[in-house]
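Chemist: For reference, the file my_file_28.tsv (TSV, C-alpha atoms) is included below:
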```tsv
chain	number	residue	atom	x	y	z
Q	27	GLY	CA	11.37	-9.34	4.75
Q	28	GLY	CA	7.74	-8.40	4.41
Q	29	ALA	CA	4.78	-8.13	2.06
Q	30	VAL	CA	1.70	-6.00	1.46
Q	31	SER	CA	-1.35	-7.24	-0.44
Q	32	MET	CA	-4.29	-5.07	-1.54
Q	33	TRP	CA	-6.97	-4.51	-4.15
Q	34	ILE	CA	-7.13	-1.03	-5.70
Q	35	ASN	CA	-9.46	0.77	-8.11
Q	36	PRO	CA	-7.99	4.18	-9.03
Q	37	ILE	CA	-9.72	7.13	-10.67
Q	38	THR	CA	-7.75	9.21	-13.14
Q	39	GLY	CA	-7.23	12.95	-12.91
Q	40	GLY	CA	-5.73	15.39	-10.45
Q	41	SER	CA	-2.14	15.30	-9.29
Q	42	SER	CA	0.54	12.83	-10.35
Q	43	PHE	CA	0.46	10.86	-7.08
Q	44	ILE	CA	-2.10	8.53	-5.50
Q	45	ASP	CA	-0.80	7.56	-2.07
Q	46	LEU	CA	-2.02	4.06	-1.33
Q	47	ILE	CA	-0.38	2.66	1.78
Q	48	GLY	CA	2.80	2.93	3.80
Q	49	LYS	CA	4.58	3.99	6.94
Q	50	ASP	CA	4.63	7.54	5.76
Q	51	GLY	CA	4.22	10.50	8.10
Q	52	THR	CA	3.81	14.18	7.41
Q	53	THR	CA	7.55	14.83	7.23
Q	54	VAL	CA	10.37	13.23	5.26
Q	55	SER	CA	11.98	12.05	8.50
Q	56	GLU	CA	8.87	9.95	9.24
Q	57	ARG	CA	8.77	8.36	5.80
Q	58	SER	CA	10.09	4.80	5.87
Q	59	TRP	CA	8.25	3.12	3.00
Q	60	ARG	CA	5.24	3.76	0.82
Q	61	ILE	CA	3.41	2.47	-2.23
Q	62	VAL	CA	2.23	5.12	-4.67
Q	63	GLY	CA	0.17	5.00	-7.84
Q	64	LEU	CA	1.40	7.32	-10.58
Q	65	VAL	CA	-1.16	8.77	-12.99
Q	66	ALA	CA	-0.84	10.11	-16.55
Q	67	ALA	CA	1.30	13.13	-15.62
Q	68	SER	CA	4.01	10.92	-14.09
Q	69	VAL	CA	6.99	9.01	-15.45
Q	70	PRO	CA	6.29	6.22	-16.20
Q	71	ALA	CA	2.66	7.18	-16.70
Q	72	ASN	CA	0.05	5.12	-14.87
Q	73	SER	CA	2.55	2.97	-12.98
Q	74	LEU	CA	3.05	1.75	-9.41
Q	75	GLN	CA	5.98	3.02	-7.34
Q	76	PHE	CA	7.57	1.50	-4.23
Q	77	PHE	CA	9.81	3.64	-2.01
Q	78	TYR	CA	11.92	2.28	0.84
Q	79	LYS	CA	13.98	4.56	3.06
Q	80	TRP	CA	17.64	3.78	3.66
Q	81	ALA	CA	19.98	5.97	5.72
Q	82	VAL	CA	21.66	7.65	2.74
Q	83	THR	CA	19.62	7.11	-0.43
Q	84	GLU	CA	15.98	6.04	-0.62
Q	85	GLY	CA	15.25	3.07	-2.88
Q	86	ASP	CA	12.74	3.80	-5.65
Q	87	TRP	CA	11.33	1.12	-7.97
Q	88	ARG	CA	8.56	1.52	-10.57
Q	89	THR	CA	6.49	-0.71	-12.80
Q	90	SER	CA	6.15	-0.07	-16.53
Q	91	ALA	CA	3.85	2.55	-18.03
Q	92	ASN	CA	0.11	1.82	-18.02
Q	93	SER	CA	0.40	-1.08	-15.58
Q	94	VAL	CA	-2.14	0.72	-13.36
Q	95	VAL	CA	-5.55	0.75	-15.03
Q	96	ALA	CA	-8.18	3.28	-13.99
Q	97	SER	CA	-11.71	2.27	-13.00
Q	98	THR	CA	-10.67	-1.38	-12.72
Q	99	TRP	CA	-10.24	-3.50	-9.59
Q	100	THR	CA	-6.74	-4.96	-9.62
Q	101	HIS	CA	-4.86	-7.03	-7.07
Q	102	TRP	CA	-1.36	-5.88	-6.14
Q	103	CYS	CA	1.22	-7.46	-3.88
Q	104	ILE	CA	4.66	-6.09	-3.04
Q	105	THR	CA	7.33	-8.16	-1.30
Q	106	TYR	CA	10.70	-6.84	-0.17
Q	107	ASN	CA	13.64	-8.05	1.89
Q	108	ALA	CA	15.61	-5.17	3.38
Q	109	ALA	CA	18.40	-7.44	4.66
Q	110	SER	CA	20.59	-6.06	1.85
Q	111	SER	CA	20.51	-2.84	-0.16
Q	112	LEU	CA	21.16	-4.99	-3.25
Q	113	ASN	CA	17.77	-6.68	-2.95
Q	114	VAL	CA	15.01	-5.66	-5.34
Q	115	PRO	CA	11.30	-5.85	-4.50
Q	116	ILE	CA	8.89	-8.11	-6.34
Q	117	ILE	CA	5.68	-6.41	-7.45
Q	118	TYR	CA	2.80	-8.62	-8.55
Q	119	ARG	CA	-0.27	-7.48	-10.50
Q	120	ASN	CA	-3.10	-10.01	-10.51
Q	121	GLY	CA	-0.64	-12.68	-9.42
Q	122	ILE	CA	1.97	-12.01	-12.12
Q	123	SER	CA	5.36	-10.49	-11.22
Q	124	LEU	CA	6.17	-7.39	-13.25
Q	125	THR	CA	9.39	-6.03	-14.71
Q	126	LEU	CA	10.62	-3.09	-12.63
Q	127	THR	CA	12.70	-0.01	-13.35
Q	128	THR	CA	15.11	1.00	-10.59
Q	129	ASN	CA	14.75	4.76	-10.33
Q	130	ALA	CA	17.14	5.01	-7.34
Q	131	VAL	CA	19.41	2.38	-5.82
Q	132	PRO	CA	19.33	2.45	-2.00
Q	133	THR	CA	22.53	3.14	-0.09
Q	134	GLY	CA	23.48	3.26	3.56
Q	135	VAL	CA	21.81	1.07	6.16
Q	136	ASP	CA	18.22	0.04	6.75
Q	137	THR	CA	16.32	2.41	9.06
Q	138	ASN	CA	14.15	1.52	12.07
Q	139	ASP	CA	10.54	2.42	11.28
Q	140	ALA	CA	8.95	1.16	14.51
Q	141	ALA	CA	7.81	4.65	15.52
Q	142	ASP	CA	6.51	5.67	12.09
Q	143	PRO	CA	2.74	5.77	11.52
Q	144	PHE	CA	1.21	3.08	9.29
Q	145	GLU	CA	-1.46	4.64	7.11
Q	146	ILE	CA	-3.84	3.63	4.35
Q	147	GLY	CA	-4.89	6.26	1.85
Q	148	ARG	CA	-2.51	8.72	3.45
Q	149	VAL	CA	-1.52	11.66	1.28
Q	150	ALA	CA	2.05	12.51	2.18
Q	151	GLN	CA	3.31	16.04	2.59
Q	152	THR	CA	2.05	18.29	-0.24
Q	153	PHE	CA	0.57	15.67	-2.58
Q	154	THR	CA	-3.02	16.31	-3.62
Q	155	ARG	CA	-5.46	13.57	-2.57
Q	156	GLU	CA	-6.80	11.39	-5.36
Q	157	GLN	CA	-9.87	9.22	-5.18
Q	158	VAL	CA	-9.02	5.53	-5.16
Q	159	SER	CA	-10.87	2.59	-3.70
Q	160	ILE	CA	-8.62	0.33	-1.62
Q	161	GLU	CA	-9.86	-2.96	-0.24
Q	162	ASP	CA	-8.69	-6.11	1.58
Q	163	VAL	CA	-5.35	-4.71	2.80
Q	164	ARG	CA	-3.00	-7.25	4.39
Q	165	ALA	CA	0.50	-6.73	5.78
Q	166	TYR	CA	3.03	-9.43	6.64
Q	167	THR	CA	6.45	-9.59	8.25
Q	168	ARG	CA	7.37	-12.44	5.91
Q	169	ILE	CA	7.73	-12.83	2.16
Q	170	LEU	CA	4.63	-14.28	0.52
Q	171	THR	CA	5.29	-17.04	-1.98
Q	172	ASN	CA	4.23	-16.83	-5.60
Q	173	ALA	CA	1.60	-19.49	-4.90
Q	174	GLU	CA	0.17	-17.49	-1.98
Q	175	VAL	CA	0.01	-14.32	-4.07
Q	176	THR	CA	-1.82	-16.26	-6.79
Q	177	VAL	CA	-4.42	-17.40	-4.26
Q	178	LEU	CA	-5.02	-13.83	-3.01
Q	179	ALA	CA	-5.17	-12.49	-6.56
Q	180	GLY	CA	-7.81	-15.12	-7.33
Q	181	GLY	CA	-10.17	-13.43	-4.88
Q	182	TYR	CA	-9.58	-15.50	-1.74
Q	183	ARG	CA	-11.01	-13.60	1.24
Q	184	GLY	CA	-10.05	-15.85	4.12
Q	185	PRO	CA	-6.91	-15.81	6.27
Q	186	MET	CA	-3.67	-16.68	4.52
Q	187	GLY	CA	-1.76	-17.06	7.79
Q	188	GLY	CA	0.76	-14.73	9.37
Q	189	GLU	CA	-1.10	-11.47	8.76
Q	190	VAL	CA	0.02	-8.72	11.15
Q	191	LEU	CA	-2.65	-6.39	9.72
Q	192	TRP	CA	-5.79	-7.26	7.77
Q	193	VAL	CA	-8.55	-4.74	7.16
Q	194	GLN	CA	-11.54	-4.72	4.83
Q	195	ALA	CA	-13.99	-1.97	4.00
Q	196	HIS	CA	-16.99	-4.24	3.64
Q	197	GLY	CA	-18.05	-7.79	4.33
Q	198	PRO	CA	-19.52	-9.49	7.42
Q	199	ASP	CA	-16.43	-8.84	9.55
Q	200	GLY	CA	-14.99	-5.76	7.90
Q	201	ASN	CA	-17.82	-3.22	7.80
Q	202	LEU	CA	-17.04	0.40	8.59
Q	203	THR	CA	-18.39	1.02	12.09
Q	204	THR	CA	-21.63	3.03	12.00
Q	205	GLY	CA	-21.04	6.59	13.14
Q	206	THR	CA	-17.28	6.25	13.46
Q	207	ALA	CA	-16.01	4.81	10.16
Q	208	ASN	CA	-13.42	2.79	12.09
Q	209	VAL	CA	-12.18	-0.43	10.52
Q	210	PHE	CA	-11.23	-3.50	12.51
Q	211	ASP	CA	-8.07	-5.53	12.17
Q	212	LEU	CA	-9.14	-9.08	11.27
Q	213	SER	CA	-5.65	-10.45	11.99
Q	214	GLY	CA	-6.34	-10.39	15.73
Q	215	ASN	CA	-3.40	-8.10	16.45
Q	216	GLY	CA	-5.49	-5.08	17.38
Q	217	ASN	CA	-4.23	-2.83	14.56
Q	218	HIS	CA	-7.61	-1.19	14.08
Q	219	GLY	CA	-8.00	1.71	11.65
Q	220	THR	CA	-8.78	5.20	12.94
Q	221	PRO	CA	-10.13	7.72	10.39
Q	222	GLN	CA	-7.97	10.74	9.65
Q	223	GLY	CA	-9.78	13.94	8.63
Q	224	GLY	CA	-13.01	13.07	10.46
Q	225	SER	CA	-15.27	10.01	10.43
Q	226	SER	CA	-17.89	11.60	8.17
Q	227	TYR	CA	-15.18	12.52	5.68
Q	228	VAL	CA	-13.91	8.95	5.51
Q	229	ALA	CA	-17.34	7.30	5.55
Q	230	SER	CA	-18.40	9.34	2.53
Q	231	PHE	CA	-15.81	7.49	0.45
Q	232	ALA	CA	-16.71	3.95	1.61
Q	233	PRO	CA	-15.64	1.37	0.60
Q	234	ARG	CA	-12.50	3.42	0.02
Q	235	LEU	CA	-10.03	2.66	2.82
Q	236	GLY	CA	-8.53	6.05	3.43
Q	237	ARG	CA	-7.33	8.04	5.17
Q	238	PHE	CA	-6.83	5.63	8.05
Q	239	LYS	CA	-4.05	5.36	10.59
Q	240	VAL	CA	-3.73	1.82	11.89
Q	241	GLY	CA	-2.07	0.38	14.94
```
When written as structure tokens, how does the structure in this file appear?
Modeler:
Amino acid sequence: GGAVSMWINPITGGSSFIDLIGKDGTTVSERSWRIVGLVAASVPANSLQFFYKWAVTEGDWRTSANSVVASTWTHWCITYNAASSLNVPIIYRNGISLTLTTNAVPTGVDTNDAADPFEIGRVAQTFTREQVSIEDVRAYTRILTNAEVTVLAGGYRGPMGGEVLWVQAHGPDGNLTTGTANVFDLSGNGNHGTPQGGSSYVASFAPRLGRFKVG
């Protein structure tokens, strides 16, 4: 299993998708998992969506309408165990687990995503880019406990333990590098962020973490 933790501050308007984070390339074959914010034009409106690719049918789970609030910093954490297609993710908002709607039940077998790019703020395929600030992104290859999620949602900025990726847009150790807009992996695993679309393009949206390819 694994987990992703992040703070987001979305801005309304534009298309119905705000790509936040995932291993999600430019083609469907590269898409293994992704977390997407859905704005007013979507169903449910203003919700969070988690996709996970299985060999036959991709799993698709969504939070309730209006669980994503514009112009407000909110902590989100998603945990998922792909050991069985019957498993359902847990999505926390500000430390509280939310009721999910299963939009598609996964079928087939789990897919190997080792070669897929890990990106933050990546806009997949033909989706129009939305402005959204993303901060303090952490990825784990273990399931975070409810207590750990509560600590992160409370604003804790230190190491939780077991991070395989940990990037921040600002702070003494997470500043965007002057002239390059690179971000450094604070986990110690060397998964530094490289700007996609040009460093000046990315730096103009600081502290928005996107679009970055990490690893």
Chemist: Mind checking which residues fall within 10 Å of Ala140 (chain Q), counting only C-alpha atoms, ignoring those fewer than 4 positions away in the same chain, and posting them as an MDAnalysis selection string?
Modeler: chainID Q and resid 49 58 144
Chemist: Which protein, DNA or RNA residues have an atom at most 10 Å from (0.9, 1.0, -19.4), counting only C-alpha atoms? List them as a list in words.
Modeler: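 Looking at atoms near the point gives Ala66, Pro70, Ala71, Asn72, Ser73, Thr89, Ser90, Ala91, Asn92, Ser93, Val94 and Val95 of chain Q.
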Chemist: Just to be explicit: take each residue in the selection above, keep C-alpha atoms, and write the result as a PDB file, in the coordinates of the input.
Modeler:
```
ATOM      1  CA  ALA Q  66      -0.840  10.110 -16.550  1.00  0.00           C
ATOM      2  CA  PRO Q  70       6.290   6.220 -16.200  1.00  0.00           C
ATOM      3  CA  ALA Q  71       2.660   7.180 -16.700  1.00  0.00           C
ATOM      4  CA  ASN Q  72       0.050   5.120 -14.870  1.00  0.00           C
ATOM      5  CA  SER Q  73       2.550   2.970 -12.980  1.00  0.00           C
ATOM      6  CA  THR Q  89       6.490  -0.710 -12.800  1.00  0.00           C
ATOM      7  CA  SER Q  90       6.150  -0.070 -16.530  1.00  0.00           C
ATOM      8  CA  ALA Q  91       3.850   2.550 -18.030  1.00  0.00           C
ATOM      9  CA  ASN Q  92       0.110   1.820 -18.020  1.00  0.00           C
ATOM     10  CA  SER Q  93       0.400  -1.080 -15.580  1.00  0.00           C
ATOM     11  CA  VAL Q  94      -2.140   0.720 -13.360  1.00  0.00           C
ATOM     12  CA  VAL Q  95      -5.550   0.750 -15.030  1.00  0.00           C
TER      13      VAL Q  95
END
```
Chemist: With only C-alpha atoms as the atoms that count, which of Q:Ala179, Q:Ala81, Q:Ala96, Q:Ile61 lies nearest to Val158 (chain Q)?
Modeler: Q:Ala96
Chemist: Can you pull out every residue within 12 Å of region 112-119 of chain Q, counting all atoms listed in the file, but drop anything in the same chain fewer than 6 positions away, and send it as a count of residues only?
Modeler: 57
Chemist: Go through Q:Val177, Q:Ile47, Q:Val163, Q:Val62 one by one, measure the shortest atom-to-atom distance of each to Val209 (chain Q) using all atoms listed in the file, and give the residue with the smallest value.
Modeler: Q:Val163
Chemist: Would you please work out which residue, of Q:Leu124, Q:Ala141, Q:Leu191, Q:Ile146, is nearest to Leu46 (chain Q) when using all atoms listed in the file?
Modeler: Q:Ile146
Chemist: CA of Gly219 (chain Q) and CA of Pro185 (chain Q) are how many Å apart?
Modeler: 18.4 Å
Chemist: Between CA of Met186 (chain Q) and CA of Asp139 (chain Q), what is the spacing in Å?
Modeler: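 Going from CA of Asp139 (chain Q) over to CA of Met186 (chain Q) covers 24.7 Å.
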Chemist: Work out how far apart CA of Gly187 (chain Q) and CA of His218 (chain Q) are and give it in Å to one decimal.
Modeler: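 One can read the CA of Gly187 (chain Q) to CA of His218 (chain Q) distance as 18.0 Å.
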Chemist: Considering all atoms listed in the file, can you say which of Q:Gly147, Q:Thr83, Q:Asp142, Q:Trp192 comes closest to Ser159 (chain Q)?
Modeler: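 Nearest to Ser159 (chain Q): Q:Gly147.
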